[in-house]
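Raw query.tsv, TSV, C-alpha atoms:
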chain	number	residue	atom	x	y	z
A	8	MET	CA	0.00	0.00	0.00
A	9	GLY	CA	1.32	3.43	-0.95
A	10	SER	CA	1.32	6.58	1.10
A	11	VAL	CA	-1.94	8.02	2.48
A	12	LYS	CA	-2.08	11.45	4.07
A	13	VAL	CA	-5.36	12.94	5.29
A	14	GLY	CA	-6.47	15.63	7.70
A	15	ILE	CA	-9.08	18.11	8.83
A	16	VAL	CA	-7.01	21.30	9.08
A	17	ARG	CA	-7.43	24.96	9.95
A	18	GLU	CA	-4.57	26.43	7.93
A	19	GLU	CA	-3.59	26.30	4.26
A	20	ILE	CA	-1.71	23.24	3.04
A	21	ASP	CA	1.62	23.48	1.21
A	22	VAL	CA	0.55	21.69	-1.97
A	23	GLY	CA	3.99	22.20	-3.52
A	24	ALA	CA	5.55	20.09	-0.77
A	25	ILE	CA	3.08	17.26	-1.45
A	26	ILE	CA	3.73	17.43	-5.21
A	27	ASN	CA	7.48	17.27	-4.56
A	28	GLU	CA	7.01	14.20	-2.40
A	29	PHE	CA	4.62	12.45	-4.82
A	30	LYS	CA	6.64	13.18	-7.97
A	31	ALA	CA	9.48	11.09	-6.53
A	32	LEU	CA	7.17	8.10	-7.18
A	33	GLY	CA	7.87	8.64	-10.90
A	34	ARG	CA	10.92	6.43	-10.38
A	35	GLU	CA	8.54	3.59	-9.45
A	36	GLY	CA	6.38	4.06	-12.55
A	37	PHE	CA	3.82	6.60	-11.30
A	38	GLY	CA	3.93	9.12	-14.11
A	39	ALA	CA	1.14	11.51	-13.14
A	40	VAL	CA	0.49	13.74	-10.15
A	41	VAL	CA	-3.03	15.20	-10.29
A	42	VAL	CA	-4.02	18.04	-7.97
A	43	PHE	CA	-7.46	19.45	-7.15
A	44	VAL	CA	-7.81	22.51	-4.92
A	45	GLY	CA	-11.27	23.83	-4.00
A	46	VAL	CA	-11.67	27.58	-3.50
A	47	VAL	CA	-14.40	29.64	-1.78
A	48	LYS	CA	-16.54	31.41	-4.41
A	49	GLY	CA	-17.31	35.09	-3.83
A	50	LEU	CA	-20.48	34.98	-5.94
A	51	VAL	CA	-23.25	32.35	-5.69
A	52	GLU	CA	-26.66	32.57	-7.37
A	53	GLY	CA	-25.94	36.24	-8.12
A	54	ALA	CA	-25.32	37.11	-4.43
A	55	ALA	CA	-21.99	38.20	-2.93
A	56	VAL	CA	-20.59	35.71	-0.41
A	57	SER	CA	-18.60	37.15	2.49
A	58	GLU	CA	-17.74	33.91	4.29
A	59	LEU	CA	-18.10	30.14	4.31
A	60	LYS	CA	-18.13	28.72	7.84
A	61	TYR	CA	-16.99	25.10	7.81
A	62	GLU	CA	-17.30	22.62	10.65
A	63	ALA	CA	-16.75	18.87	10.89
A	64	TYR	CA	-17.17	15.94	13.19
A	65	GLU	CA	-13.42	15.76	13.04
A	66	GLU	CA	-12.54	12.30	14.39
A	67	LEU	CA	-15.11	10.61	12.16
A	68	ALA	CA	-14.26	12.82	9.16
A	69	GLU	CA	-10.57	11.85	9.35
A	70	LYS	CA	-11.50	8.17	9.64
A	71	ILE	CA	-13.74	8.45	6.55
A	72	LEU	CA	-11.10	10.39	4.56
A	73	THR	CA	-8.60	7.62	5.35
A	74	ARG	CA	-11.09	4.97	4.19
A	75	ILE	CA	-11.78	6.86	0.94
A	76	ALA	CA	-8.05	7.30	0.26
A	77	GLU	CA	-7.26	3.61	0.87
A	78	GLU	CA	-10.20	2.31	-1.19
A	79	GLU	CA	-9.51	4.62	-4.14
A	80	MET	CA	-5.81	3.80	-3.98
A	81	ARG	CA	-6.62	0.10	-4.42
A	82	LYS	CA	-9.28	0.72	-7.06
A	83	HIS	CA	-7.09	2.93	-9.29
A	84	GLY	CA	-3.69	1.39	-8.46
A	85	LEU	CA	-2.38	4.70	-7.10
A	86	GLY	CA	1.05	5.24	-5.56
A	87	ALA	CA	-0.03	7.92	-3.07
A	88	VAL	CA	-3.11	9.90	-2.03
A	89	ALA	CA	-3.45	13.09	0.02
A	90	ILE	CA	-6.84	14.50	1.12
A	91	TYR	CA	-7.02	17.58	3.34
A	92	HIS	CA	-10.16	19.56	4.17
A	93	ARG	CA	-10.16	22.90	5.95
A	94	VAL	CA	-12.58	24.00	8.67
A	95	GLY	CA	-13.17	27.42	10.20
A	96	ASP	CA	-14.31	30.74	8.74
A	97	LEU	CA	-13.05	31.01	5.16
A	98	LYS	CA	-13.23	34.01	2.82
A	99	PRO	CA	-13.67	34.13	-0.97
A	100	GLY	CA	-10.42	33.02	-2.58
A	101	ASP	CA	-9.42	30.87	0.40
A	102	THR	CA	-8.71	27.21	-0.25
A	103	THR	CA	-11.16	24.61	1.11
A	104	VAL	CA	-10.17	21.10	0.04
A	105	TYR	CA	-7.01	19.55	-1.39
A	106	ILE	CA	-6.79	16.27	-3.26
A	107	VAL	CA	-3.48	15.06	-4.64
A	108	VAL	CA	-2.92	11.66	-6.23
A	109	ALA	CA	0.11	9.93	-7.76
A	110	ALA	CA	-1.11	7.62	-10.53
A	111	ARG	CA	0.38	5.43	-13.26
A	112	GLY	CA	-0.99	7.79	-15.90
A	113	ARG	CA	-3.32	10.73	-16.50
A	114	ARG	CA	-6.48	8.70	-17.04
A	115	GLU	CA	-6.23	6.92	-13.68
A	116	GLY	CA	-5.11	10.16	-12.01
A	117	PHE	CA	-7.99	12.35	-13.21
A	118	ALA	CA	-10.57	9.59	-12.63
A	119	ALA	CA	-9.29	8.93	-9.11
A	120	ALA	CA	-9.17	12.62	-8.14
A	121	ALA	CA	-12.72	13.20	-9.41
A	122	GLU	CA	-14.05	10.16	-7.61
A	123	ILE	CA	-12.29	11.05	-4.36
A	124	LEU	CA	-13.70	14.59	-4.47
A	125	ASN	CA	-17.20	13.25	-5.07
A	126	ARG	CA	-16.90	10.84	-2.14
A	127	VAL	CA	-15.48	13.52	0.17
A	128	LYS	CA	-18.46	15.76	-0.62
A	129	HIS	CA	-21.01	13.01	0.08
A	130	GLU	CA	-19.45	10.85	2.80
A	131	ALA	CA	-17.30	12.99	5.12
A	132	PRO	CA	-19.25	14.67	7.97
A	133	ILE	CA	-18.31	18.22	6.96
A	134	TYR	CA	-20.84	21.08	6.97
A	135	LYS	CA	-20.87	24.63	5.66
A	136	LEU	CA	-22.83	27.78	6.29
A	137	GLU	CA	-22.76	30.32	3.46
A	138	VAL	CA	-22.87	33.93	4.66
A	139	ARG	CA	-24.21	36.08	1.77
A	140	GLU	CA	-25.46	39.60	1.26
A	141	ASP	CA	-28.99	38.15	0.98
A	142	GLY	CA	-28.85	35.96	4.09
A	143	GLU	CA	-27.22	32.90	5.65
A	144	PHE	CA	-27.73	29.47	4.09
A	145	TRP	CA	-26.81	25.96	5.15
A	146	VAL	CA	-25.49	24.09	2.15
A	147	ILE	CA	-27.09	20.65	2.20
A	148	GLY	CA	-25.66	17.78	0.20
A	149	ASP	CA	-24.79	18.63	-3.38
A	150	GLY	CA	-25.62	22.32	-3.60
A	151	GLU	CA	-29.10	22.58	-2.05
A	152	ARG	CA	-29.34	25.70	0.14
A	153	VAL	CA	-31.59	26.07	3.17
A	154	PRO	CA	-32.02	29.50	4.82
A	155	ARG	CA	-30.64	29.51	8.34
A	156	PRO	CA	-33.36	29.53	11.02
A	157	PRO	CA	-33.90	33.26	11.89
A	158	ALA	CA	-33.02	32.95	15.61
A	159	GLN	CA	-29.49	31.79	14.77
A	160	ARG	CA	-28.44	34.38	12.21
A	161	GLY	CA	-25.18	36.15	12.89
A	162	SER	CA	-24.13	33.75	15.67
B	5	MET	CA	-27.36	10.10	27.08
B	6	ARG	CA	-25.56	13.00	25.39
B	7	ILE	CA	-26.17	13.60	21.68
B	8	LYS	CA	-24.01	15.89	19.55
B	9	LEU	CA	-25.53	17.67	16.56
B	10	TYR	CA	-23.93	19.30	13.56
B	11	GLY	CA	-24.75	21.74	10.77
B	12	ILE	CA	-28.36	22.86	10.46
B	13	LEU	CA	-29.41	20.37	13.16
B	14	LYS	CA	-27.34	22.38	15.66
B	15	ASP	CA	-29.48	25.42	14.83
B	16	LEU	CA	-32.73	23.45	15.14
B	17	ILE	CA	-32.00	21.64	18.41
B	18	GLY	CA	-28.68	22.82	19.88
B	19	PRO	CA	-25.04	21.69	19.66
B	20	GLU	CA	-25.54	19.03	22.31
B	21	VAL	CA	-28.62	17.66	24.04
B	22	LYS	CA	-29.01	15.36	27.00
B	23	ILE	CA	-31.73	12.74	26.91
B	24	GLY	CA	-32.87	11.13	30.12
B	25	VAL	CA	-32.90	7.45	29.17
B	26	ASP	CA	-31.34	4.72	31.26
B	27	LYS	CA	-32.03	1.77	28.95
B	28	PRO	CA	-30.99	0.97	25.38
B	29	ILE	CA	-33.09	2.58	22.64
B	30	THR	CA	-33.15	2.24	18.86
B	31	ILE	CA	-31.92	4.93	16.50
B	32	HIS	CA	-35.51	5.35	15.34
B	33	GLU	CA	-36.60	5.98	18.94
B	34	LEU	CA	-33.75	8.45	19.45
B	35	LEU	CA	-34.74	10.46	16.36
B	36	THR	CA	-38.39	10.47	17.43
B	37	LEU	CA	-37.37	11.80	20.87
B	38	LEU	CA	-35.19	14.51	19.31
B	39	ASN	CA	-37.99	15.52	16.96
B	40	ASP	CA	-40.39	15.84	19.91
B	41	MET	CA	-37.82	17.90	21.84
B	42	SER	CA	-37.45	20.27	18.89
B	43	GLY	CA	-41.22	20.80	18.63
B	44	GLY	CA	-41.33	18.88	15.35
B	45	ASN	CA	-38.56	20.94	13.70
B	46	LEU	CA	-36.64	17.81	12.85
B	47	ARG	CA	-39.48	16.12	10.95
B	48	GLU	CA	-38.32	17.05	7.45
B	49	TRP	CA	-34.78	15.85	8.29
B	50	LEU	CA	-35.63	12.45	9.77
B	51	ASP	CA	-35.11	10.51	6.55
B	52	LYS	CA	-31.98	12.47	5.59
B	53	VAL	CA	-29.84	12.34	8.73
B	54	ARG	CA	-27.13	9.82	9.53
B	55	VAL	CA	-26.35	8.70	13.06
B	56	ALA	CA	-22.84	7.91	14.30
B	57	VAL	CA	-22.39	5.70	17.38
B	58	ASN	CA	-18.97	5.53	19.02
B	59	GLY	CA	-17.31	7.08	15.97
B	60	GLU	CA	-18.90	4.93	13.25
B	61	ILE	CA	-21.90	5.60	11.01
B	62	VAL	CA	-24.74	3.19	11.82
B	63	GLU	CA	-27.08	2.68	8.88
B	64	SER	CA	-29.95	0.71	10.44
B	65	ALA	CA	-32.77	2.63	12.14
B	66	GLY	CA	-33.32	-0.46	14.29
B	67	ALA	CA	-29.76	-0.45	15.67
B	68	ILE	CA	-29.53	-0.18	19.45
B	69	ILE	CA	-27.85	2.71	21.31
B	70	LYS	CA	-26.85	2.14	24.92
B	71	PRO	CA	-26.57	4.77	27.67
B	72	GLY	CA	-22.91	5.88	27.66
B	73	ASP	CA	-22.48	5.51	23.89
B	74	GLU	CA	-21.05	8.52	22.05
B	75	VAL	CA	-23.82	9.54	19.66
B	76	ALA	CA	-23.85	12.19	16.91
B	77	VAL	CA	-26.69	13.08	14.55
B	78	LEU	CA	-25.44	14.32	11.19
B	79	PRO	CA	-27.21	16.16	8.36
B	80	PRO	CA	-26.27	15.41	4.72
B	81	SER	CA	-22.58	16.13	4.16
B	82	ALA	CA	-21.52	19.31	2.36
B	83	GLY	CA	-17.76	19.16	2.02
B	84	GLY	CA	-15.78	20.58	-0.87
Show me, as structure tokens, the structure contained in the file I just sent.
Amino acid sequence: MGSVKVGIVREEIDVGAIINEFKALGREGFGAVVVFVGVVKGLVEGAAVSELKYEAYEELAEKILTRIAEEEMRKHGLGAVAIYHRVGDLKPGDTTVYIVVAARGRREGFAAAAEILNRVKHEAPIYKLEVREDGEFWVIGDGERVPRPPAQRGS
Amino acid sequence: MRIKLYGILKDLIGPEVKIGVDKPITIHELLTLLNDMSGGNLREWLDKVRVAVNGEIVESAGAIIKPGDEVAVLPPSAGG
């Protein structure tokens, strides 16, 4: 089994350091390092976003990220997988999620990264509140938005 | 029994609630109790939430939770 690195983190991740580590696997026949970095959008449904507040059930989230990384590594024959997700109050332009894979080639690399991202979105207990000029919205599942109950706004 | 809640459920019920039960209950019974405590606010979420017991997701609504278990009720995930 290759290298698996996961974490729920508060600060930015040094993606360059992970790429440097994973590209060394080229010597073992892993010819592609694919990187996905999610970024907070400043405009959603025509409304300006000032903040995305992320929270997670951290112990369980890290366990699930590890499971996703190990399963996708086996499925796609990867040499290494890194999955990091940030929590806390993030501003437009801030990074949110990092997925880096070392694969035999580009097809396996892109497929694995896309599948890992999809699983992280649906399986990891991570939640976000979108603070916009037109209100606060819980993002539920894949993009559905539910207005925050009035008593809680601004807290 | 202490129950942790996340995301929108935290707004509807609170970040943590204590339920006065001293015998094992099913996940279905737990969710019914929480819905009653929230004045029915949880009704539309009952078939969407996941429940974690002692750090693992438990899929079956008939699964048993014992007093002292670490329980969390989770809305649909929204990572990314």
Of A:Thr102, A:Val13, A:Leu85, A:Val108, the one nearest to Glu35 of chain A when counting all atoms listed in the file is A:Leu85
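By chain and then residue number, the residues within 8 Å of segment 68-71 of chain B are Met5, Val25, Asp26, Lys27, Pro28, Ile29, Thr30, Ile31 and Val57 of chain B, counting all atoms listed in the file and disregarding those fewer than 6 positions away in sequence.
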Practice problem: Could you give me, as a count of residues only, the residues within 10 Å of Asp51 of chain B, counting all atoms listed in the file and dropping anything in the same chain fewer than 3 positions from it? | Solution: 7
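Residue nearest chain B, chosen from A:Ala87, A:Val11, A:Val104, A:Ala120 and counting all atoms listed in the file: A:Val104.
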Taking all atoms listed in the file into account, report as number ranges by chain which residues of chain A lie within 7 Å of chain B. A: 45, 67, 103-104, 127-135, 145-149, 156, 159
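Proximity of A:Asp101, A:Val42, A:Arg17, A:Gly9 to His83 of chain A, computed with only C-alpha atoms, is greatest for A:Gly9.
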Box for segment 78-82 of chain A - axis-aligned, 6 Å on each of the six sides, all listed atoms - centre and size in Å to one decimal, as AutoDock Vina command-line options.
--center_x -8.0 --center_y 2.4 --center_z -4.1 --size_x 16.4 --size_y 16.5 --size_z 17.9
